[in-house]
file work.txt (compact mmCIF, C-alpha atoms)
# COMPACT_ATOMS: atom_id res chain seq x y z
CA MET A 1 -3.68 38.43 -22.47
CA SER A 2 -1.09 35.91 -23.72
CA LEU A 3 0.86 36.54 -20.52
CA ASN A 4 -2.23 35.63 -18.47
CA ILE A 5 -2.77 32.41 -20.42
CA LYS A 6 0.89 31.52 -19.93
CA LYS A 7 0.64 32.22 -16.21
CA PHE A 8 -2.57 30.19 -15.97
CA ARG A 9 -0.92 27.26 -17.79
CA PHE A 10 2.09 27.52 -15.49
CA ASN A 11 -0.16 27.49 -12.41
CA ILE A 12 -2.07 24.46 -13.69
CA LEU A 13 1.18 22.61 -14.41
CA GLU A 14 2.49 23.45 -10.95
CA THR A 15 -0.70 22.27 -9.26
CA LEU A 16 -0.94 18.91 -11.05
CA PRO A 17 1.53 17.00 -8.81
CA LEU A 18 -0.42 18.21 -5.78
CA LEU A 19 -3.72 17.14 -7.36
CA PHE A 20 -2.17 13.79 -8.22
CA LEU A 21 -1.06 13.39 -4.60
CA PHE A 22 -4.61 14.02 -3.33
CA TYR A 23 -6.17 11.90 -6.06
CA LEU A 24 -3.99 8.91 -5.09
CA SER A 25 -4.87 9.42 -1.44
CA PHE A 26 -8.60 9.71 -2.06
CA ILE A 27 -8.86 6.66 -4.30
CA GLY A 28 -6.63 4.68 -1.93
CA SER A 29 -4.19 3.77 -4.69
CA SER A 30 -0.99 4.89 -3.01
CA ILE A 31 0.24 1.35 -3.55
CA ILE A 32 -0.13 -0.05 -7.05
CA ASN A 33 -0.30 -3.82 -7.30
CA ILE A 34 0.33 -5.24 -10.76
CA GLY A 35 0.59 -9.00 -10.49
CA PHE A 36 3.63 -9.72 -8.34
CA LEU A 37 4.75 -6.07 -8.43
CA SER A 38 3.83 -3.71 -5.62
CA ILE A 39 4.92 -0.08 -5.82
CA ASN A 40 4.28 2.77 -3.40
CA VAL A 41 3.77 5.65 -5.83
CA LEU A 42 2.96 8.12 -3.05
CA TYR A 43 6.45 7.69 -1.54
CA ILE A 44 8.14 8.29 -4.88
CA LEU A 45 5.93 11.28 -5.66
CA VAL A 46 6.60 12.97 -2.31
CA TYR A 47 10.33 12.18 -2.35
CA PHE A 48 10.89 13.48 -5.87
CA TRP A 49 8.96 16.75 -5.56
CA VAL A 50 10.25 17.68 -2.10
CA LEU A 51 13.76 17.05 -3.38
CA ARG A 52 13.44 18.88 -6.67
CA LYS A 53 10.76 21.54 -6.25
CA PRO A 54 9.57 21.70 -2.62
CA GLN A 55 7.26 24.65 -3.17
CA ILE A 56 4.96 22.42 -5.25
CA LEU A 57 4.21 19.95 -2.46
CA GLY A 58 3.83 21.77 0.84
CA TYR A 59 4.42 19.79 4.03
CA GLY A 60 0.90 20.64 5.19
CA TYR A 61 -0.55 19.09 2.04
CA ILE A 62 1.62 16.00 2.45
CA PHE A 63 0.38 15.65 6.03
CA LEU A 64 -3.24 16.07 4.90
CA SER A 65 -2.90 13.53 2.10
CA GLY A 66 -1.41 11.08 4.62
CA ILE A 67 -4.43 11.56 6.89
CA ILE A 68 -6.77 10.98 3.92
CA SER A 69 -4.86 7.81 3.00
CA ASP A 70 -5.15 6.59 6.59
CA VAL A 71 -8.90 7.08 6.62
CA VAL A 72 -9.49 5.56 3.18
CA LEU A 73 -7.26 2.54 3.82
CA GLY A 74 -8.58 2.02 7.36
CA MET A 75 -5.31 2.64 9.16
CA PRO A 76 -5.10 4.41 12.52
CA LEU A 77 -4.97 8.18 11.91
CA GLY A 78 -1.44 9.53 11.50
CA ILE A 79 0.48 6.44 10.31
CA ASN A 80 0.66 7.32 6.62
CA ALA A 81 1.03 11.01 7.45
CA LEU A 82 4.06 10.31 9.64
CA SER A 83 5.77 8.01 7.14
CA LEU A 84 5.16 10.49 4.29
CA LEU A 85 6.60 13.29 6.44
CA PHE A 86 9.70 11.18 7.05
CA ILE A 87 10.08 10.68 3.31
CA ALA A 88 9.71 14.46 2.87
CA GLY A 89 12.17 15.08 5.72
CA THR A 90 14.83 12.82 4.21
CA ALA A 91 14.33 14.49 0.83
CA ALA A 92 14.63 17.94 2.43
CA TYR A 93 17.84 16.87 4.20
CA ILE A 94 19.33 15.48 0.98
CA ARG A 95 18.40 18.72 -0.79
CA VAL A 96 20.28 20.73 1.84
CA VAL A 97 23.46 18.61 1.81
CA THR A 98 23.81 17.95 -1.94
CA VAL A 99 24.73 20.39 -4.67
CA ARG A 100 24.38 18.38 -7.87
CA ILE A 101 21.23 16.37 -8.35
CA THR A 102 21.62 13.18 -10.37
CA LEU A 103 19.49 10.09 -10.72
CA ILE A 104 22.07 7.92 -8.96
CA ASN A 105 22.35 10.34 -6.00
CA ASP A 106 18.57 10.54 -5.70
CA TRP A 107 18.16 6.82 -6.06
CA ILE A 108 20.72 5.89 -3.40
CA SER A 109 19.46 8.51 -0.96
CA PHE A 110 15.96 7.11 -1.48
CA ILE A 111 17.07 3.95 0.39
CA PRO A 112 17.27 5.56 3.87
CA ALA A 113 14.02 7.44 3.17
CA LEU A 114 12.29 4.17 2.33
CA ILE A 115 13.78 2.37 5.33
CA PHE A 116 12.78 5.17 7.74
CA ALA A 117 9.26 5.46 6.33
CA ASN A 118 8.64 1.73 6.33
CA PHE A 119 10.05 1.39 9.83
CA ILE A 120 7.64 4.08 11.05
CA TYR A 121 4.77 2.38 9.21
CA PHE A 122 5.67 -1.03 10.57
CA ALA A 123 6.18 0.19 14.15
CA SER A 124 2.91 2.14 14.17
CA MET A 125 0.96 -0.84 12.83
CA ASN A 126 2.51 -3.03 15.52
CA LEU A 127 1.55 -0.47 18.18
CA SER A 128 -2.01 -0.56 16.85
CA ASN A 129 -2.06 -4.40 16.96
CA ILE A 130 -2.61 -4.74 13.23
CA GLU A 131 -1.17 -7.96 11.82
CA VAL A 132 1.15 -7.36 8.87
CA ASP A 133 2.31 -9.53 5.99
CA TYR A 134 6.09 -9.10 6.34
CA ILE A 135 6.89 -10.61 2.94
CA TYR A 136 4.53 -8.14 1.29
CA PHE A 137 6.21 -5.30 3.19
CA LEU A 138 9.64 -6.35 1.97
CA LYS A 139 8.44 -6.92 -1.60
CA ASN A 140 6.77 -3.50 -1.65
CA SER A 141 9.95 -1.76 -0.43
CA ILE A 142 12.15 -3.52 -2.99
CA PHE A 143 9.87 -2.81 -5.94
CA THR A 144 9.30 0.81 -4.88
CA PHE A 145 13.08 1.24 -4.89
CA ILE A 146 13.51 -0.52 -8.25
CA PHE A 147 10.68 1.46 -9.84
CA TYR A 148 12.02 4.84 -8.65
CA PRO A 149 14.16 5.64 -11.75
CA ILE A 150 11.19 5.15 -14.10
CA LEU A 151 9.05 7.67 -12.22
CA TRP A 152 12.13 9.88 -11.77
CA ILE A 153 12.42 10.17 -15.56
CA VAL A 154 8.69 10.85 -15.97
CA PHE A 155 8.67 13.51 -13.24
CA SER A 156 11.93 15.07 -14.53
CA LEU A 157 10.37 15.47 -17.97
CA TYR A 158 7.35 17.06 -16.35
CA LEU A 159 9.60 19.34 -14.30
CA ASN A 160 11.32 20.49 -17.51
CA LEU A 161 7.91 21.21 -18.97
CA ILE A 162 7.12 23.43 -15.98
CA LYS A 163 10.48 25.20 -16.28
CA ASN A 164 9.94 25.80 -20.00
CA ASN A 165 6.66 27.51 -19.24
CA MET B 166 35.56 17.04 12.72
CA GLU B 167 33.73 19.63 14.83
CA THR B 168 32.81 21.60 11.71
CA SER B 169 31.47 18.48 9.99
CA ARG B 170 29.22 17.68 12.98
CA ASP B 171 28.02 21.28 12.99
CA ASP B 172 27.23 21.02 9.28
CA VAL B 173 25.10 17.92 9.85
CA GLY B 174 23.31 19.67 12.71
CA ILE B 175 22.63 22.72 10.59
CA ALA B 176 21.38 20.53 7.70
CA ILE B 177 19.04 18.58 9.99
CA ARG B 178 17.72 21.80 11.59
CA SER B 179 17.24 23.32 8.19
CA ALA B 180 15.40 20.29 6.82
CA PHE B 181 13.25 19.33 9.78
CA ILE B 182 12.72 22.26 12.10
CA LYS B 183 12.83 25.40 9.98
CA LYS B 184 10.05 26.15 7.57
CA GLY B 185 11.33 25.51 4.06
CA ALA B 186 10.86 27.61 0.94
CA GLN B 187 7.21 28.69 0.77
CA GLN B 188 6.27 26.20 3.51
CA ARG B 189 3.67 27.16 6.09
CA PHE B 190 4.50 24.40 8.59
CA SER B 191 7.74 22.85 9.79
CA LEU B 192 8.21 19.13 9.26
CA PHE B 193 8.98 18.62 12.91
CA ALA B 194 5.70 20.22 14.05
CA LEU B 195 3.68 18.10 11.61
CA ALA B 196 5.53 14.91 12.62
CA VAL B 197 4.71 15.66 16.29
CA LEU B 198 1.08 16.23 15.30
CA SER B 199 1.02 12.87 13.47
CA ILE B 200 2.43 11.04 16.52
CA LEU B 201 -0.17 12.79 18.67
CA LEU B 202 -2.91 11.63 16.27
CA ILE B 203 -1.65 8.02 16.39
CA PHE B 204 -1.87 8.06 20.20
CA LEU B 205 -5.23 9.85 20.19
CA ASP B 206 -6.53 7.12 17.87
CA THR B 207 -6.02 4.56 20.63
CA ILE B 208 -8.04 6.59 23.16
CA GLU B 209 -11.78 5.92 23.34
CA SER B 210 -13.83 8.90 24.43
CA LYS B 211 -17.12 10.29 23.16
CA PRO B 212 -15.89 13.70 21.91
CA LEU B 213 -12.89 12.09 20.19
CA ASN B 214 -15.07 9.39 18.64
CA ASN B 215 -17.48 12.03 17.36
CA ALA B 216 -14.65 14.07 15.86
CA ARG B 217 -13.17 10.95 14.20
CA SER B 218 -16.61 9.98 12.93
CA VAL B 219 -17.15 13.40 11.30
CA ILE B 220 -13.67 13.40 9.70
CA LYS B 221 -14.11 9.86 8.37
CA ASP B 222 -17.62 10.51 7.04
CA ILE B 223 -16.41 13.59 5.14
CA ILE B 224 -13.37 11.78 3.71
CA TYR B 225 -15.39 8.68 2.72
CA ARG B 226 -17.94 10.79 0.83
CA SER B 227 -15.19 12.81 -0.88
CA ALA B 228 -13.31 9.61 -1.72
CA SER B 229 -16.47 8.08 -3.12
CA LEU B 230 -16.91 11.11 -5.41
CA THR B 231 -13.21 11.21 -6.37
CA SER B 232 -13.09 7.53 -7.24
CA TYR B 233 -16.21 7.82 -9.44
CA PRO B 234 -14.25 8.26 -12.74
CA THR B 235 -11.96 5.33 -11.89
CA LYS B 236 -14.94 3.19 -10.91
CA SER B 237 -16.82 4.12 -14.11
CA PHE B 238 -13.82 3.21 -16.21
CA SER B 239 -13.41 -0.05 -14.34
CA ASN B 240 -17.13 -0.87 -14.83
CA PHE B 241 -16.87 -0.02 -18.53
CA TYR B 242 -13.83 -2.27 -18.87
CA SER B 243 -15.49 -5.16 -17.05
CA SER B 244 -18.67 -4.82 -19.17
CA ILE B 245 -16.53 -5.08 -22.34
CA GLU B 246 -14.76 -8.07 -20.82
CA LYS B 247 -18.15 -9.66 -20.05
CA HIS B 248 -19.27 -9.22 -23.65
CA ILE B 249 -16.08 -10.84 -24.90
CA THR B 250 -16.52 -13.87 -22.65
CA LEU B 251 -20.27 -14.12 -23.31
CA HIS B 252 -20.09 -17.20 -25.51
CA LYS B 253 -17.85 -19.04 -23.05
CA LYS B 254 -20.21 -18.20 -20.18
CA TYR B 255 -23.22 -19.30 -22.24
CA LYS B 256 -21.64 -22.75 -22.63
CA ILE B 257 -20.91 -22.96 -18.90
CA LEU B 258 -24.49 -21.92 -18.10
CA LEU B 259 -25.86 -24.60 -20.43
CA GLU B 260 -23.80 -27.20 -18.59
CA GLU B 261 -24.95 -25.86 -15.22
CA ASN B 262 -28.56 -25.88 -16.35
CA LYS B 263 -28.22 -29.50 -17.37
CA LYS B 264 -26.73 -30.39 -13.97
CA LEU B 265 -29.45 -28.47 -12.13
CA LYS B 266 -32.15 -30.35 -14.03
CA ASN B 267 -30.50 -33.62 -13.01
CA ASN B 268 -30.27 -32.49 -9.41
CA PHE B 269 -33.87 -31.33 -9.28
CA SER B 270 -35.07 -34.71 -8.02
CA ASP B 271 -32.66 -34.42 -5.09
CA LYS B 272 -34.24 -31.15 -3.97
CA GLU B 273 -36.52 -32.63 -1.33
CA PHE B 274 -33.68 -34.69 0.12
CA LEU B 275 -31.44 -31.63 0.27
CA GLU B 276 -34.16 -29.60 1.98
CA LEU B 277 -34.47 -32.26 4.64
CA GLU B 278 -30.71 -32.40 5.08
CA ASN B 279 -30.60 -28.62 5.31
CA THR B 280 -33.24 -28.60 8.07
CA GLN B 281 -31.28 -31.20 10.00
CA LEU B 282 -28.05 -29.27 9.61
CA ARG B 283 -29.70 -26.07 10.79
CA LYS B 284 -31.02 -27.88 13.86
CA LEU B 285 -27.57 -29.30 14.44
CA ILE B 286 -25.93 -25.91 14.49
CA ASP B 287 -28.72 -24.40 16.53
CA GLU B 288 -29.60 -21.69 14.06
CA GLN B 289 -32.63 -19.57 14.77
CA ALA B 290 -35.27 -19.01 12.13
CA GLN B 291 -34.19 -16.87 9.18
CA SER B 292 -36.92 -14.34 9.78
CA SER B 293 -35.50 -13.50 13.19
CA LEU B 294 -32.35 -12.11 11.56
CA ASN B 295 -32.84 -8.40 11.47
CA LEU B 296 -31.08 -7.47 8.23
CA LEU B 297 -30.18 -3.99 7.10
CA SER B 298 -29.19 -3.35 3.50
CA ALA B 299 -26.13 -1.26 2.77
CA ARG B 300 -24.38 -0.08 -0.35
CA VAL B 301 -20.61 -0.29 -0.78
CA LEU B 302 -19.19 3.24 -0.89
CA LEU B 303 -15.52 2.36 -1.26
CA ASP B 304 -14.03 -0.98 -2.09
CA LYS B 305 -10.42 0.08 -2.49
CA GLN B 306 -8.65 -2.50 -0.42
CA SER B 307 -5.44 -1.70 1.33
CA PRO B 308 -2.68 -4.30 1.00
CA TYR B 309 -2.53 -4.24 4.78
CA LEU B 310 -6.26 -4.25 5.49
CA ASN B 311 -8.95 -5.96 3.40
CA SER B 312 -12.01 -3.89 4.09
CA LEU B 313 -15.00 -2.11 2.55
CA ILE B 314 -16.80 1.10 3.43
CA VAL B 315 -20.60 0.94 3.48
CA ASN B 316 -23.10 3.80 3.53
CA THR B 317 -24.79 3.00 6.83
CA GLY B 318 -23.57 3.86 10.27
CA SER B 319 -24.73 4.56 13.79
CA ASN B 320 -27.68 6.50 12.30
CA GLN B 321 -29.11 3.07 11.36
CA LYS B 322 -28.11 1.39 14.65
CA VAL B 323 -25.02 -0.29 13.20
CA LYS B 324 -22.55 -1.36 15.89
CA ASN B 325 -19.05 -2.79 16.00
CA GLY B 326 -18.91 -6.58 15.70
CA LEU B 327 -22.09 -7.07 13.64
CA ALA B 328 -22.00 -9.76 10.96
CA VAL B 329 -22.04 -8.63 7.34
CA LEU B 330 -23.59 -10.85 4.69
CA ASP B 331 -23.53 -10.96 0.92
CA GLY B 332 -27.00 -12.37 0.29
CA LYS B 333 -27.03 -15.13 2.90
CA ASN B 334 -23.27 -15.68 3.00
CA PHE B 335 -20.99 -14.33 5.70
CA VAL B 336 -18.33 -11.98 4.31
CA GLY B 337 -17.07 -9.98 7.26
CA ARG B 338 -17.86 -7.92 10.33
CA ILE B 339 -18.21 -4.27 11.25
CA VAL B 340 -15.03 -2.89 12.82
CA ASP B 341 -15.49 0.86 12.69
CA VAL B 342 -18.74 2.80 12.89
CA ASN B 343 -19.23 6.45 11.97
CA TYR B 344 -22.52 8.33 11.87
CA PHE B 345 -23.20 7.84 8.14
CA SER B 346 -20.72 5.08 7.24
CA SER B 347 -19.03 1.96 8.57
CA ARG B 348 -15.99 -0.13 7.78
CA VAL B 349 -16.39 -3.84 7.15
CA LEU B 350 -13.35 -6.00 7.88
CA LEU B 351 -13.51 -8.71 5.24
CA ILE B 352 -13.13 -12.33 6.24
CA THR B 353 -10.04 -12.56 4.01
CA ASP B 354 -8.06 -10.05 6.06
CA LEU B 355 -5.04 -11.21 8.06
CA ASN B 356 -6.65 -9.87 11.23
CA SER B 357 -9.91 -11.79 10.74
CA LYS B 358 -10.40 -14.86 12.97
CA ILE B 359 -13.90 -16.38 12.96
CA PRO B 360 -15.05 -19.43 14.97
CA VAL B 361 -16.69 -21.84 12.54
CA VAL B 362 -18.21 -25.28 12.37
CA VAL B 363 -17.44 -27.69 9.52
CA GLU B 364 -20.40 -29.75 8.34
CA PRO B 365 -21.28 -32.60 8.19
CA SER B 366 -18.58 -33.66 10.67
CA GLY B 367 -19.47 -30.88 13.14
CA THR B 368 -15.78 -30.06 13.72
CA GLN B 369 -15.11 -26.72 15.40
CA ALA B 370 -12.27 -24.55 14.08
CA ILE B 371 -11.06 -21.00 13.62
CA LEU B 372 -11.23 -19.57 10.12
CA SER B 373 -8.30 -17.22 9.56
CA GLY B 374 -7.84 -14.72 6.75
CA ARG B 375 -4.58 -14.75 4.81
CA GLY B 376 -4.92 -11.54 2.80
CA ILE B 377 -5.93 -13.58 -0.25
CA ASN B 378 -9.22 -15.12 -1.40
CA GLU B 379 -8.46 -18.55 0.05
CA LEU B 380 -8.77 -18.73 3.83
CA THR B 381 -7.36 -21.33 6.18
CA LEU B 382 -8.83 -23.49 8.96
CA GLN B 383 -6.81 -23.40 12.18
CA TYR B 384 -6.91 -25.14 15.55
CA LEU B 385 -8.47 -28.31 14.15
CA PRO B 386 -8.68 -31.33 16.48
CA GLU B 387 -6.22 -34.13 15.75
CA ASN B 388 -8.66 -36.79 14.57
CA HIS B 389 -11.03 -34.71 12.52
CA LYS B 390 -12.87 -36.08 9.51
CA ILE B 391 -12.90 -33.06 7.24
CA LYS B 392 -13.19 -33.79 3.53
CA GLU B 393 -12.90 -31.72 0.38
CA GLY B 394 -16.18 -29.92 -0.31
CA ASP B 395 -17.38 -29.86 3.33
CA LYS B 396 -19.38 -26.75 4.13
CA ILE B 397 -18.28 -24.06 6.59
CA TYR B 398 -20.76 -22.13 8.78
CA THR B 399 -20.33 -19.64 11.60
CA SER B 400 -20.50 -21.48 14.92
CA GLY B 401 -21.68 -18.51 16.95
CA LYS B 402 -19.29 -19.62 19.72
CA GLU B 403 -17.83 -16.18 20.36
CA GLY B 404 -21.29 -14.73 20.93
CA PHE B 405 -21.01 -12.01 18.28
CA PHE B 406 -22.77 -13.59 15.31
CA SER B 407 -25.66 -16.00 15.06
CA SER B 408 -24.71 -19.57 14.21
CA GLY B 409 -25.21 -21.28 10.87
CA ILE B 410 -24.39 -18.45 8.49
CA PRO B 411 -22.86 -20.08 5.39
CA ILE B 412 -19.28 -19.04 4.58
CA GLY B 413 -17.67 -21.40 2.06
CA GLU B 414 -16.42 -24.89 1.37
CA VAL B 415 -13.26 -26.81 2.18
CA VAL B 416 -10.46 -27.17 -0.36
CA ILE B 417 -7.60 -29.46 0.64
CA ASN B 418 -4.13 -28.45 -0.53
CA GLU B 419 -1.64 -31.08 0.61
CA ASP B 420 -1.76 -30.74 4.44
CA ASP B 421 -3.57 -27.39 4.45
CA PHE B 422 -7.30 -27.13 4.95
CA ASN B 423 -8.28 -24.05 3.02
CA VAL B 424 -11.69 -22.52 2.49
CA LEU B 425 -13.07 -21.12 -0.73
CA LEU B 426 -15.75 -18.49 -0.09
CA PHE B 427 -19.27 -18.77 -1.50
CA SER B 428 -19.19 -15.03 -2.29
CA ASP B 429 -16.90 -13.27 -4.69
CA LEU B 430 -15.66 -10.36 -2.57
CA SER B 431 -14.51 -8.33 -5.57
CA GLN B 432 -18.06 -8.20 -6.97
CA ILE B 433 -19.97 -6.91 -3.98
CA THR B 434 -22.15 -3.82 -4.42
CA PHE B 435 -24.85 -4.36 -1.80
CA LEU B 436 -24.52 -6.04 1.58
CA ASN B 437 -26.77 -7.08 4.45
CA ILE B 438 -25.82 -6.18 7.98
CA SER B 439 -27.29 -8.52 10.56
CA LEU B 440 -28.60 -6.24 13.30
CA GLY B 441 -30.17 -8.98 15.35
CA GLN B 442 -28.73 -11.69 17.56
CA LEU B 443 -25.96 -9.48 18.90
CA ASN B 444 -25.07 -10.62 22.37
CA ILE B 445 -22.70 -7.82 23.24
CA ASN B 446 -23.52 -4.40 24.66
call {"tool": "encode", "arguments": {"input": "work.txt", "output": "structure tokens"}}
result
Amino acid sequence: MSLNIKKFRFNILETLPLLFLFYLSFIGSSIINIGFLSINVLYILVYFWVLRKPQILGYGYIFLSGIISDVVLGMPLGINALSLLFIAGTAAYIRVVTVRITLINDWISFIPALIFANFIYFASMNLSNIEVDYIYFLKNSIFTFIFYPILWIVFSLYLNLIKNN
Amino acid sequence: METSRDDVGIAIRSAFIKKGAQQRFSLFALAVLSILLIFLDTIESKPLNNARSVIKDIIYRSASLTSYPTKSFSNFYSSIEKHITLHKKYKILLEENKKLKNNFSDKEFLELENTQLRKLIDEQAQSSLNLLSARVLLDKQSPYLNSLIVNTGSNQKVKNGLAVLDGKNFVGRIVDVNYFSSRVLLITDLNSKIPVVVEPSGTQAILSGRGINELTLQYLPENHKIKEGDKIYTSGKEGFFSSGIPIGEVVINEDDFNVLLFSDLSQITFLNISLGQLNIN
């Protein structure tokens, strides 16, 4: 009985990042704007979990959440999905080529992921003739990068909680 | 050197092409599917439009349900905020009431002026505007696209390009129609360009969104006589909307002619979609 409860708790804990991913996509809050700050939480979430525990966020789910984001935010279908998959791809590549995972390693390798994803986003929006605020784009990328360690710590603590269960 | 290149190749294949641990799809296959979707989104055909419409309707309804707790919390917070600022608002309302009483005698004059202005901008009678009410389903605005989702679609004869009003004020236009829902591109969006007329000078201009609440007037003639507080109306020049729909008033910031909207776009719950006077097929 206690084993079942423990397993149930473990399953719930493992599912929460996925639920959070879909929740952010459905409410259209992948980008959090607090005053001057603008942070893409979805990028950080996908990057961290694909890097540290890929079985929690399946690529299919990431693709689906990207499609949901596109629909909710009014973007052409596939733009968010593609940029999120590039974030996941870079994370998967970093996971394959690195042995020790540290905050600094993660943080630095997040730069190419961010550049790739934003390039895809930017190029796709241009292809779809959607006018973009370039300053906002740059600001968002910089703050997402700066904010990464804070969410890294939060997610790492959560990951330890899963491991302890 | 050869080994190092091989290692990179193996790592890339492992990350992108092979299915990872407990993964059902490879990243590469999903990325190709996403690119395909982006291209399919640019193609207009009836079956594709129907499929897109169904997907969007389902996601909008699910998103509306999912965002219910957030919306409730936000409403609760704003109601508390309203209570806190009640006294301050009461004072403002007293002042406004006093001003309105003073202005009451000017009512007849203003009505006359209004009739003249309406004639000037060739507006048809109000009753001829075929308005359809709609409720806002989702108002989560993307940083890249200022838009709203409303609960009426092609089932209520909504079409792309129709004007959307908050009360009598112009706030945007329909840009995407599904069967049960539509997307309204707000006038504040970067991609919004509306032909307008500035009264009383009658100057024609283009009102462009900037992604923020203050819009800007573009393509003004050199010797215009626009003053602070002048009113902005749709000109109807492009043939999409009827003329004379109020939008906002002019605010001059140094050399920029900005426009402050009559409607507060963050407080919209119900909208009117103008079904009439559409000159496009």
call {"tool": "closest_residue", "arguments": {"input": "work.txt", "among": "B:Leu202, B:Leu302, B:Leu313, B:Ile220", "to": "Val349 (chain B)", "atoms": "all atoms listed in the file"}}
result
B:Leu313
call {"tool": "residues_near_point", "arguments": {"input": "work.txt", "point": "(7.3, -8.2, -2.0)", "cutoff": "12 Å", "atoms": "all atoms listed in the file", "output": "JSON, numbers by chain"}}
result
{"A": [31, 33, 34, 35, 36, 37, 38, 39, 40, 133, 134, 135, 136, 137, 138, 139, 140, 141, 142, 143, 144, 145, 146], "B": [308]}
call {"tool": "write_last_selection", "arguments": {"input": "work.txt", "atoms": "C-alpha atoms", "output": "PDB file, in the coordinates of the input"}}
result
ATOM      1  CA  ILE A  31       0.240   1.350  -3.550  1.00  0.00           C
ATOM      2  CA  ASN A  33      -0.300  -3.820  -7.300  1.00  0.00           C
ATOM      3  CA  ILE A  34       0.330  -5.240 -10.760  1.00  0.00           C
ATOM      4  CA  GLY A  35       0.590  -9.000 -10.490  1.00  0.00           C
ATOM      5  CA  PHE A  36       3.630  -9.720  -8.340  1.00  0.00           C
ATOM      6  CA  LEU A  37       4.750  -6.070  -8.430  1.00  0.00           C
ATOM      7  CA  SER A  38       3.830  -3.710  -5.620  1.00  0.00           C
ATOM      8  CA  ILE A  39       4.920  -0.080  -5.820  1.00  0.00           C
ATOM      9  CA  ASN A  40       4.280   2.770  -3.400  1.00  0.00           C
ATOM     10  CA  ASP A 133       2.310  -9.530   5.990  1.00  0.00           C
ATOM     11  CA  TYR A 134       6.090  -9.100   6.340  1.00  0.00           C
ATOM     12  CA  ILE A 135       6.890 -10.610   2.940  1.00  0.00           C
ATOM     13  CA  TYR A 136       4.530  -8.140   1.290  1.00  0.00           C
ATOM     14  CA  PHE A 137       6.210  -5.300   3.190  1.00  0.00           C
ATOM     15  CA  LEU A 138       9.640  -6.350   1.970  1.00  0.00           C
ATOM     16  CA  LYS A 139       8.440  -6.920  -1.600  1.00  0.00           C
ATOM     17  CA  ASN A 140       6.770  -3.500  -1.650  1.00  0.00           C
ATOM     18  CA  SER A 141       9.950  -1.760  -0.430  1.00  0.00           C
ATOM     19  CA  ILE A 142      12.150  -3.520  -2.990  1.00  0.00           C
ATOM     20  CA  PHE A 143       9.870  -2.810  -5.940  1.00  0.00           C
ATOM     21  CA  THR A 144       9.300   0.810  -4.880  1.00  0.00           C
ATOM     22  CA  PHE A 145      13.080   1.240  -4.890  1.00  0.00           C
ATOM     23  CA  ILE A 146      13.510  -0.520  -8.250  1.00  0.00           C
TER      24      ILE A 146
ATOM     25  CA  PRO B 308      -2.680  -4.300   1.000  1.00  0.00           C
TER      26      PRO B 308
END
call {"tool": "interface_residues", "arguments": {"input": "work.txt", "of": "chain A", "to": "chain B", "cutoff": "9 Å", "atoms": "all atoms listed in the file", "output": "number ranges by chain"}}
result
A: 23, 25-29, 31, 33, 54-60, 63, 67-68, 71-83, 85-86, 88-97, 124, 128, 130-133, 136-137
call {"tool": "closest_residue", "arguments": {"input": "work.txt", "among": "A:Ile115, A:Leu18, A:Ala123, A:Ile12", "to": "Ser65 (chain A)", "atoms": "all atoms listed in the file"}}
result
A:Leu18
call {"tool": "closest_residue", "arguments": {"input": "work.txt", "among": "A:Asn118, A:Asn129, A:Thr102, A:Asn164", "to": "Trp152 (chain A)", "atoms": "all atoms listed in the file"}}
result
A:Thr102
call {"tool": "closest_residue", "arguments": {"input": "work.txt", "among": "A:Phe8, A:Leu84, A:Ile32, A:Ile101", "to": "Ser156 (chain A)", "atoms": "all atoms listed in the file"}}
result
A:Ile101
call {"tool": "atom_distance", "arguments": {"input": "work.txt", "atom1": "CA of Ile150 (chain A)", "atom2": "CA of Leu13 (chain A)"}}
result
20.1 Å
call {"tool": "atom_distance", "arguments": {"input": "work.txt", "atom1": "CA of Phe147 (chain A)", "atom2": "CA of Asn126 (chain A)"}}
result
27.0 Å
call {"tool": "atom_distance", "arguments": {"input": "work.txt", "atom1": "CA of Phe48 (chain A)", "atom2": "CA of Thr98 (chain A)"}}
result
14.2 Å
call {"tool": "closest_residue", "arguments": {"input": "work.txt", "among": "B:Ser244, B:Gln383, B:Asn334, B:Ser366", "to": "Ile433 (chain B)", "atoms": "only C-alpha atoms"}}
result
B:Asn334
call {"tool": "closest_residue", "arguments": {"input": "work.txt", "among": "A:Ile162, A:Phe110, A:Ala117, A:Tyr43", "to": "Thr15 (chain A)", "atoms": "all atoms listed in the file"}}
result
A:Ile162
call {"tool": "residues_around", "arguments": {"input": "work.txt", "residues": "region 397-404 of chain B", "least_positions_apart": "4", "cutoff": "8 Å", "atoms": "all atoms listed in the file", "output": "list in words"}}
result
Ile286, Phe335, Ile359, Pro360, Val361, Val362, Val363, Glu364, Gln369, Ser408, Gly409, Ile410, Pro411, Ile412, Gly413, Glu414, Val415, Val424, Leu443, Asn444 and Ile445 of chain B
call {"tool": "write_last_selection", "arguments": {"input": "work.txt", "atoms": "C-alpha atoms", "output": "short mmCIF file (atom, residue, chain, number, x, y, z; two decimals), in the frame of the given file"}}
result
data_model
loop_
_atom_site.label_atom_id
_atom_site.label_comp_id
_atom_site.auth_asym_id
_atom_site.auth_seq_id
_atom_site.Cartn_x
_atom_site.Cartn_y
_atom_site.Cartn_z
CA ILE B 286 -25.93 -25.91 14.49
CA PHE B 335 -20.99 -14.33 5.70
CA ILE B 359 -13.90 -16.38 12.96
CA PRO B 360 -15.05 -19.43 14.97
CA VAL B 361 -16.69 -21.84 12.54
CA VAL B 362 -18.21 -25.28 12.37
CA VAL B 363 -17.44 -27.69 9.52
CA GLU B 364 -20.40 -29.75 8.34
CA GLN B 369 -15.11 -26.72 15.40
CA SER B 408 -24.71 -19.57 14.21
CA GLY B 409 -25.21 -21.28 10.87
CA ILE B 410 -24.39 -18.45 8.49
CA PRO B 411 -22.86 -20.08 5.39
CA ILE B 412 -19.28 -19.04 4.58
CA GLY B 413 -17.67 -21.40 2.06
CA GLU B 414 -16.42 -24.89 1.37
CA VAL B 415 -13.26 -26.81 2.18
CA VAL B 424 -11.69 -22.52 2.49
CA LEU B 443 -25.96 -9.48 18.90
CA ASN B 444 -25.07 -10.62 22.37
CA ILE B 445 -22.70 -7.82 23.24
#
